[in-house]
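The next block is query_32.cif, given as mmCIF, C-alpha atoms and all ligand atoms.
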```cif
data_run
loop_
_atom_site.label_atom_id
_atom_site.label_comp_id
_atom_site.auth_asym_id
_atom_site.auth_seq_id
_atom_site.Cartn_x
_atom_site.Cartn_y
_atom_site.Cartn_z
CA MET I 1 -11.44 -50.57 -8.86
CA ILE I 2 -8.21 -49.27 -10.38
CA ARG I 3 -5.11 -50.55 -8.63
CA LYS I 4 -2.03 -48.66 -7.63
CA ILE I 5 0.98 -49.80 -9.62
CA SER I 6 2.88 -50.19 -6.33
CA ASP I 7 0.33 -52.84 -5.29
CA ILE I 8 0.98 -54.76 -8.52
CA PHE I 9 4.69 -54.78 -7.58
CA LYS I 10 3.80 -56.80 -4.49
CA GLU I 11 2.65 -59.65 -6.74
CA LYS I 12 4.85 -59.35 -9.81
CA GLU I 13 8.60 -59.33 -10.10
CA LYS I 14 8.54 -57.79 -13.55
CA THR I 15 5.97 -55.45 -15.05
CA LEU I 16 5.10 -54.40 -18.56
CA GLY I 17 3.95 -50.85 -19.31
CA PHE I 18 3.00 -48.94 -22.45
CA GLU I 19 3.34 -45.20 -22.79
CA PHE I 20 1.07 -43.19 -25.10
CA PHE I 21 0.73 -39.52 -25.91
CA PRO I 22 -2.60 -37.69 -26.25
CA PRO I 23 -3.29 -37.12 -29.97
CA LYS I 24 -4.22 -33.66 -31.23
CA THR I 25 -7.16 -34.68 -33.44
CA SER I 26 -10.31 -36.74 -32.90
CA LYS I 27 -9.13 -39.10 -35.67
CA GLY I 28 -5.85 -39.58 -33.80
CA LEU I 29 -7.80 -40.27 -30.64
CA LEU I 30 -9.85 -43.03 -32.27
CA LYS I 31 -6.64 -44.53 -33.64
CA LEU I 32 -5.09 -44.45 -30.18
CA TYR I 33 -8.00 -46.38 -28.68
CA GLU I 34 -7.65 -48.99 -31.47
CA THR I 35 -3.91 -49.23 -30.77
CA ALA I 36 -4.50 -49.54 -27.03
CA LEU I 37 -7.08 -52.28 -27.64
CA LEU I 38 -4.58 -54.31 -29.66
CA LEU I 39 -1.79 -53.74 -27.16
CA LYS I 40 -4.10 -54.70 -24.29
CA ASP I 41 -4.05 -58.26 -25.68
CA LEU I 42 -0.41 -58.37 -24.57
CA GLN I 43 -1.64 -58.02 -20.98
CA PRO I 44 0.30 -54.97 -19.83
CA ASP I 45 0.24 -54.22 -16.11
CA TYR I 46 -0.36 -50.54 -16.72
CA CYS I 47 -0.32 -47.84 -19.40
CA SER I 48 0.69 -44.22 -19.13
CA VAL I 49 -0.24 -41.02 -20.94
CA THR I 50 2.17 -38.12 -21.38
CA TYR I 51 1.51 -34.49 -20.53
CA GLY I 52 2.26 -31.86 -23.19
CA ALA I 53 5.08 -29.45 -22.39
CA GLY I 54 3.90 -26.67 -20.10
CA GLY I 55 0.49 -28.25 -19.57
CA SER I 56 -0.50 -27.90 -23.23
CA THR I 57 -2.51 -31.17 -23.08
CA LYS I 58 -3.90 -30.60 -19.60
CA ASP I 59 -7.51 -31.62 -20.33
CA LYS I 60 -6.64 -34.10 -23.09
CA THR I 61 -4.27 -36.14 -20.93
CA MET I 62 -6.86 -36.56 -18.19
CA GLU I 63 -9.58 -37.41 -20.73
CA VAL I 64 -7.42 -40.13 -22.34
CA VAL I 65 -6.33 -41.57 -18.97
CA ASP I 66 -9.94 -41.68 -17.82
CA GLU I 67 -11.19 -43.26 -21.05
CA LEU I 68 -8.44 -45.91 -21.17
CA GLN I 69 -9.15 -46.86 -17.57
CA LYS I 70 -12.89 -47.12 -18.24
CA ARG I 71 -12.47 -49.11 -21.45
CA PHE I 72 -9.81 -51.52 -20.29
CA GLY I 73 -9.96 -51.53 -16.48
CA LEU I 74 -6.19 -51.15 -16.39
CA PRO I 75 -4.25 -48.75 -14.19
CA VAL I 76 -3.32 -45.79 -16.38
CA MET I 77 -0.66 -43.46 -15.08
CA HIS I 78 -1.21 -39.74 -15.62
CA HIS I 79 2.05 -37.88 -16.39
CA LEU I 80 1.94 -34.51 -14.67
CA THR I 81 4.45 -31.69 -14.94
CA CYS I 82 4.71 -28.83 -12.48
CA ASN I 83 6.89 -26.25 -14.21
CA CYS I 84 4.05 -24.14 -15.63
CA HIS I 85 1.33 -24.61 -13.03
CA THR I 86 0.53 -22.87 -9.79
CA ILE I 87 0.13 -25.02 -6.69
CA THR I 88 -3.59 -24.22 -6.72
CA GLU I 89 -3.90 -25.50 -10.30
CA ILE I 90 -2.06 -28.69 -9.40
CA LYS I 91 -4.37 -29.30 -6.44
CA GLN I 92 -7.43 -28.72 -8.63
CA MET I 93 -6.11 -31.33 -11.07
CA LEU I 94 -5.39 -33.82 -8.32
CA ASN I 95 -8.92 -33.37 -7.00
CA SER I 96 -10.30 -34.05 -10.51
CA MET I 97 -8.11 -37.14 -10.76
CA GLN I 98 -9.48 -38.47 -7.48
CA LYS I 99 -13.03 -38.02 -8.78
CA ARG I 100 -12.08 -40.07 -11.85
CA ASN I 101 -10.35 -42.84 -9.95
CA ILE I 102 -6.92 -41.87 -11.32
CA CYS I 103 -4.48 -42.89 -8.61
CA ASN I 104 -1.21 -43.39 -10.52
CA VAL I 105 0.86 -40.32 -11.43
CA LEU I 106 4.27 -39.88 -13.04
CA ALA I 107 5.48 -36.71 -11.36
CA LEU I 108 7.75 -34.55 -13.51
CA TYR I 109 9.20 -31.10 -13.61
CA GLY I 110 8.57 -30.93 -17.35
CA ASP I 111 10.23 -29.44 -20.36
CA LEU I 112 9.63 -25.82 -21.23
CA PRO I 113 7.14 -25.46 -24.09
CA GLN I 114 8.42 -24.11 -27.42
CA ASP I 115 5.91 -21.31 -27.04
CA GLU I 116 7.15 -19.96 -23.71
CA SER I 117 4.19 -17.59 -23.43
CA ILE I 118 2.13 -20.65 -22.35
CA CYS I 119 4.25 -20.73 -19.25
CA ALA I 120 3.80 -17.34 -17.63
CA GLU I 121 6.42 -16.32 -15.09
CA ASN I 122 3.79 -15.90 -12.37
CA LYS I 123 2.81 -19.58 -12.77
CA ARG I 124 6.27 -20.88 -11.96
CA GLU I 125 5.72 -21.58 -8.27
CA MET I 126 7.70 -24.82 -8.23
CA GLN I 127 11.34 -25.15 -9.12
CA TYR I 128 11.85 -28.91 -9.03
CA CYS I 129 9.85 -32.09 -9.29
CA TYR I 130 10.31 -33.03 -5.63
CA GLU I 131 7.93 -30.18 -4.75
CA LEU I 132 5.21 -31.87 -6.80
CA CYS I 133 6.00 -35.20 -5.12
CA LYS I 134 5.38 -33.57 -1.72
CA ILE I 135 1.99 -32.28 -2.83
CA LEU I 136 1.04 -35.71 -4.20
CA LYS I 137 2.03 -37.38 -0.94
CA SER I 138 -0.06 -34.93 1.06
CA TYR I 139 -3.13 -36.68 -0.42
CA ARG I 140 -2.97 -39.27 2.38
CA ASP I 141 -1.46 -41.98 0.24
CA TYR I 142 -4.15 -41.81 -2.44
CA PHE I 143 -1.58 -41.56 -5.22
CA CYS I 144 1.11 -44.00 -6.29
CA VAL I 145 3.90 -41.74 -7.51
CA ALA I 146 6.48 -42.56 -10.15
CA VAL I 147 9.41 -40.25 -10.90
CA ALA I 148 11.83 -40.01 -13.82
CA GLY I 149 15.39 -41.33 -13.62
CA PHE I 150 18.24 -40.60 -16.00
CA PRO I 151 20.83 -43.37 -16.40
CA CYS I 152 22.86 -41.12 -18.74
CA GLY I 153 22.41 -38.15 -16.36
CA HIS I 154 19.94 -35.32 -16.84
CA ILE I 155 21.04 -32.79 -19.43
CA SER I 156 21.13 -29.90 -16.96
CA SER I 157 22.75 -31.78 -14.09
CA PRO I 158 26.38 -31.01 -13.29
CA ASP I 159 27.18 -34.75 -13.17
CA ARG I 160 25.54 -38.16 -12.80
CA ASP I 161 26.17 -38.50 -9.07
CA THR I 162 24.59 -35.12 -8.30
CA ASP I 163 21.65 -36.20 -10.42
CA ILE I 164 21.27 -39.27 -8.21
CA GLU I 165 21.29 -37.09 -5.08
CA TYR I 166 18.38 -35.16 -6.56
CA LEU I 167 16.60 -38.40 -7.45
CA LYS I 168 16.94 -39.41 -3.81
CA ILE I 169 15.27 -36.17 -2.73
CA LYS I 170 12.37 -36.90 -5.13
CA LEU I 171 11.95 -40.36 -3.65
CA GLU I 172 12.15 -39.07 -0.07
CA SER I 173 9.53 -36.48 -0.99
CA GLY I 174 7.01 -39.10 -2.09
CA GLY I 175 8.24 -40.97 -5.18
CA ASP I 176 7.45 -44.70 -5.00
CA PHE I 177 9.38 -45.94 -8.00
CA VAL I 178 11.38 -44.79 -11.02
CA ILE I 179 10.90 -44.99 -14.78
CA THR I 180 14.03 -44.24 -16.72
CA GLN I 181 14.72 -42.09 -19.71
CA LEU I 182 15.55 -44.17 -22.76
CA PHE I 183 19.06 -45.55 -23.16
CA PHE I 184 20.62 -47.98 -25.61
CA ASP I 185 23.58 -49.28 -23.65
CA ASN I 186 22.42 -51.69 -20.95
CA ALA I 187 25.72 -51.33 -19.09
CA VAL I 188 24.70 -47.72 -18.38
CA TYR I 189 21.43 -48.94 -16.81
CA PHE I 190 23.06 -51.64 -14.68
CA ASP I 191 25.76 -49.21 -13.56
CA TYR I 192 22.98 -46.75 -12.62
CA LEU I 193 21.33 -49.43 -10.44
CA GLU I 194 24.64 -50.08 -8.68
CA ARG I 195 25.15 -46.39 -8.01
CA LEU I 196 21.59 -46.07 -6.68
CA LYS I 197 22.20 -48.97 -4.29
CA LYS I 198 25.30 -47.23 -2.94
CA VAL I 199 23.16 -44.30 -1.81
CA ASN I 200 20.50 -46.63 -0.39
CA ILE I 201 17.94 -46.31 -3.16
CA HIS I 202 16.19 -49.66 -3.39
CA VAL I 203 12.93 -48.87 -5.20
CA ARG I 204 12.06 -50.33 -8.59
CA VAL I 205 13.76 -48.66 -11.52
CA ILE I 206 11.89 -49.65 -14.66
CA PRO I 207 13.89 -49.24 -17.86
CA GLY I 208 12.33 -47.04 -20.54
CA ILE I 209 12.60 -48.64 -23.98
CA LEU I 210 12.41 -46.76 -27.27
CA PRO I 211 12.16 -49.00 -30.33
CA ILE I 212 13.99 -47.07 -33.04
CA VAL I 213 11.75 -46.33 -36.04
CA ASN I 214 13.42 -43.16 -37.32
CA TYR I 215 17.18 -42.70 -36.91
CA GLU I 216 17.31 -38.94 -37.49
CA LYS I 217 14.46 -38.13 -35.10
CA MET I 218 15.99 -40.40 -32.48
CA ILE I 219 19.38 -38.65 -32.79
CA LYS I 220 17.79 -35.24 -32.37
CA PHE I 221 15.71 -36.35 -29.40
CA CYS I 222 18.74 -37.89 -27.69
CA ALA I 223 20.84 -34.75 -28.29
CA ASP I 224 18.07 -32.59 -26.80
CA CYS I 225 17.83 -34.61 -23.62
CA GLY I 226 21.42 -35.78 -23.14
CA VAL I 227 20.99 -39.47 -23.97
CA ILE I 228 24.21 -41.09 -25.17
CA VAL I 229 23.86 -42.93 -28.47
CA PRO I 230 26.47 -45.71 -28.62
CA LYS I 231 28.66 -46.20 -31.70
CA LYS I 232 27.01 -49.53 -32.52
CA VAL I 233 23.61 -47.81 -32.85
CA HIS I 234 25.05 -45.38 -35.40
CA GLU I 235 26.70 -48.25 -37.24
CA ILE I 236 23.44 -50.18 -37.55
CA PHE I 237 21.04 -47.36 -38.36
CA LYS I 238 23.03 -44.71 -40.23
CA PRO I 239 23.54 -46.79 -43.42
CA ILE I 240 19.78 -47.48 -43.64
CA VAL I 241 18.63 -43.98 -42.70
CA ASP I 242 16.46 -43.62 -45.84
CA ASP I 243 14.96 -47.08 -45.70
CA GLU I 244 11.91 -47.00 -43.44
CA GLU I 245 11.22 -50.74 -43.53
CA ALA I 246 14.84 -51.74 -42.90
CA THR I 247 15.02 -49.25 -40.01
CA LYS I 248 11.86 -50.67 -38.47
CA LYS I 249 13.18 -54.22 -38.75
CA ALA I 250 16.59 -53.28 -37.33
CA GLY I 251 14.80 -51.34 -34.57
CA ILE I 252 12.86 -54.46 -33.59
CA ASP I 253 15.98 -56.64 -33.65
CA PHE I 254 17.91 -54.13 -31.56
CA ALA I 255 15.13 -53.70 -29.00
CA VAL I 256 14.57 -57.47 -28.67
CA GLN I 257 18.26 -57.94 -27.95
CA GLN I 258 18.30 -55.01 -25.53
CA CYS I 259 15.18 -56.23 -23.65
CA ARG I 260 16.46 -59.82 -23.47
CA GLU I 261 19.69 -58.66 -21.87
CA LEU I 262 17.84 -56.38 -19.47
CA LEU I 263 15.43 -59.08 -18.32
CA ASP I 264 18.15 -61.72 -18.08
CA GLY I 265 20.24 -59.25 -16.07
CA GLY I 266 17.42 -58.81 -13.53
CA ALA I 267 15.63 -55.65 -14.72
CA CYS I 268 12.25 -55.31 -12.99
CA GLY I 269 10.23 -54.90 -16.18
CA LEU I 270 9.95 -52.84 -19.33
CA HIS I 271 8.26 -49.52 -20.04
CA PHE I 272 7.76 -49.02 -23.78
CA PHE I 273 7.59 -45.61 -25.40
CA THR I 274 5.10 -46.89 -28.00
CA LEU I 275 4.77 -43.65 -30.01
CA ASN I 276 1.09 -44.65 -30.21
CA LYS I 277 1.91 -47.49 -32.62
CA VAL I 278 0.99 -51.16 -32.25
CA ASP I 279 4.20 -52.25 -33.90
CA PRO I 280 7.09 -52.44 -33.28
CA THR I 281 6.16 -52.89 -29.58
CA ARG I 282 3.84 -55.87 -30.22
CA GLU I 283 6.40 -57.66 -32.37
CA ILE I 284 9.16 -57.10 -29.80
CA ILE I 285 7.03 -58.60 -27.04
CA ARG I 286 6.00 -61.52 -29.26
CA GLN I 287 9.65 -62.36 -29.85
CA LEU I 288 10.54 -61.97 -26.16
CA ARG I 289 7.72 -64.33 -25.17
CA GLU I 290 8.92 -66.92 -27.68
CA ASP I 291 12.09 -67.17 -25.57
CA LYS I 292 10.15 -68.68 -22.66
C1 LIG A 1 9.83 -41.68 -18.47
C2 LIG A 1 9.76 -40.18 -18.74
C3 LIG A 1 8.53 -39.61 -19.09
C4 LIG A 1 8.43 -38.22 -19.32
N1 LIG A 1 7.21 -37.70 -19.65
C5 LIG A 1 7.10 -36.35 -19.84
C6 LIG A 1 5.84 -35.76 -20.10
O1 LIG A 1 4.80 -36.45 -20.16
N2 LIG A 1 5.79 -34.41 -20.29
C7 LIG A 1 6.91 -33.61 -20.20
O2 LIG A 1 6.80 -32.38 -20.38
N3 LIG A 1 8.13 -34.14 -19.96
C8 LIG A 1 8.24 -35.49 -19.77
N4 LIG A 1 9.48 -36.03 -19.48
C9 LIG A 1 10.67 -35.16 -19.52
C10 LIG A 1 10.96 -34.46 -18.16
O3 LIG A 1 9.91 -33.60 -17.81
C11 LIG A 1 12.25 -33.66 -18.37
O4 LIG A 1 13.32 -34.55 -18.55
C12 LIG A 1 12.57 -32.64 -17.30
O5 LIG A 1 13.64 -31.81 -17.80
C13 LIG A 1 13.06 -33.23 -16.00
O6 LIG A 1 12.01 -33.66 -15.26
P1 LIG A 1 12.25 -34.25 -13.78
O7 LIG A 1 10.92 -34.57 -13.27
O8 LIG A 1 13.29 -35.29 -13.78
O9 LIG A 1 12.79 -32.93 -13.04
P2 LIG A 1 13.63 -32.69 -11.73
O10 LIG A 1 13.76 -33.92 -10.92
O11 LIG A 1 13.07 -31.47 -11.07
O12 LIG A 1 15.07 -32.37 -12.34
C14 LIG A 1 15.27 -31.31 -13.28
C15 LIG A 1 16.71 -30.82 -13.17
O13 LIG A 1 16.91 -30.19 -11.91
C16 LIG A 1 17.88 -30.88 -11.14
N5 LIG A 1 17.36 -30.97 -9.77
C17 LIG A 1 16.36 -31.80 -9.34
N6 LIG A 1 16.16 -31.61 -8.03
C18 LIG A 1 17.02 -30.64 -7.63
C19 LIG A 1 17.29 -30.02 -6.39
N7 LIG A 1 16.64 -30.39 -5.27
N8 LIG A 1 18.24 -29.03 -6.34
C20 LIG A 1 18.93 -28.68 -7.44
N9 LIG A 1 18.73 -29.26 -8.65
C21 LIG A 1 17.79 -30.22 -8.75
C22 LIG A 1 18.01 -32.26 -11.78
O14 LIG A 1 19.28 -32.84 -11.59
C23 LIG A 1 17.74 -31.94 -13.23
O15 LIG A 1 18.89 -31.46 -13.86
C24 LIG A 1 9.61 -37.40 -19.24
C25 LIG A 1 10.84 -37.99 -18.90
C26 LIG A 1 10.92 -39.36 -18.63
C27 LIG A 1 12.24 -39.95 -18.26
#
```
Rewritten as structure tokens:
Amino acid sequence: MIRKISDIFKEKEKTLGFEFFPPKTSKGLLKLYETALLLKDLQPDYCSVTYGAGGSTKDKTMEVVDELQKRFGLPVMHHLTCNCHTITEIKQMLNSMQKRNICNVLALYGDLPQDESICAENKREMQYCYELCKILKSYRDYFCVAVAGFPCGHISSPDRDTDIEYLKIKLESGGDFVITQLFFDNAVYFDYLERLKKVNIHVRVIPGILPIVNYEKMIKFCADCGVIVPKKVHEIFKPIVDDEEATKKAGIDFAVQQCRELLDGGACGLHFFTLNKVDPTREIIRQLREDK
């Protein structure tokens, strides 16, 4: 029996989650299952599998979620975006998920695919993620629903407070908890929690952690989605931009420090964007557990 992540919250103050993406090739898929097997030894509470922009990994995501659940008996959260699907398509997918015992979903609006032809105009029946949350909730509480939160603000929001108002609508429409976009400045996360409390949002807000392995790719990603990169991150990683090993080591050191501060400050867990790699995530957790 696969558990809802919200039920795990009733027993655990802090949770550990690993995010994967569905690989394009069968070789990549085998590698992912090897990676997941090694990371399973770290006893995560759940894993999650992303959904390609515009539904480009529709079948793959469900296949990987299903397989990981069967192999490891862990709750695996299915990311699901609604921007390029009709309501009928979404309901068909949710019915398939129920048949496969997939009861944890990260509900998202989604990014537009690079190839916009994938996302035909007539498929755009939903405008925002809260509409997907409502559909998920109509399944008589079958699904535990996570939604995305943006401590630095969402790139297309007018400001951070308006963004929080929209987050509140997502939660009132069926979201059970929040997983954040990556950030590097913990003060931004803790300030976000304070601002959420002021508008009576009291659900868990799990920080999303990206261990830096490639400075240039990280900078581009952050620019695309509006994540602020603090000066100290540039100062550490820019001078070693061409040194892969040094970057990986500095990335581990930075993430260990960041996670320590988050956990000590009361964060309710960690959600790692693993990039389908065993390390650096495994090494970061090893060092964090040495602290105890
Ligand atoms: C942890 C995490 C995992 C992710 N995984 C994936 C993935 O697997 N696949 C993928 O394609 N993308 C993924 N994303 C990216 C996400 O889809 C994009 O950031 C997307 O642009 C926003 O999604 P959302 O669900 O927050 O959308 P929404 O909540 O709909 O917000 C989108 C924009 O609309 C605004 N808005 C929201 N509600 C309203 C409203 N009621 N009225 C007016 N404006 C409103 C928001 O402020 C925001 O600017 C992920 C993001 C995170 C943080």
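Across the structure, atom CA of I:Thr15 and atom CA of I:Cys268 are spaced 6.6 Å apart.
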>> List as a ChimeraX atom specification the protein and nucleic acid residues lying within 8 Å of ligand LIG 1 (chain A), with all atoms listed in the file counted.
In response: /I:21,49-55,79-81,106-113,127-130,147-150,153-158,162-164,166-167,169-170,179-182,208,225
> Smallest atom-to-atom distance to I:Asn214: which of I:Ala246, I:Cys152, I:Ile201, I:Ile228, using only C-alpha atoms?
Replying inline: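 Among the listed residues, I:Ala246 lies closest to I:Asn214.
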>> Which residue is closest to I:Pro280? Choose from I:Lys70, I:Lys249, I:Lys91, I:Arg260 and count all atoms listed in the file.
In response: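 Closest residue, counting all atoms listed in the file: I:Lys249.
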> Which is closest to I:Met126 among I:Thr57, I:Asn101, I:Ser96, I:Asn83, if we use all atoms listed in the file?
Replying inline: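 When distances to I:Met126 are compared using all atoms listed in the file, the smallest one comes from I:Asn83.
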> Suppose you want the space between atom CA of I:Leu193 and atom CA of I:Thr281; what is it in Å?
Replying inline: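 Going from atom CA of I:Leu193 over to atom CA of I:Thr281 covers 24.7 Å.
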> So which residues touch I:Phe72 within 12 Å, counting only C-alpha atoms, skipping near sequence neighbours fewer than 5 positions away, as a PyMOL selection string?
Replying inline: chain I and resi 1-2+33-34+36-41+43-47+64-67
>> For a quick check of understanding, using only C-alpha atoms, which of I:Ile219, I:Val241, I:Ala267, I:Ala255 has the smallest distance to I:Val203?
In response: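 Residue with the minimum atom-to-atom distance to I:Val203: I:Ala267.
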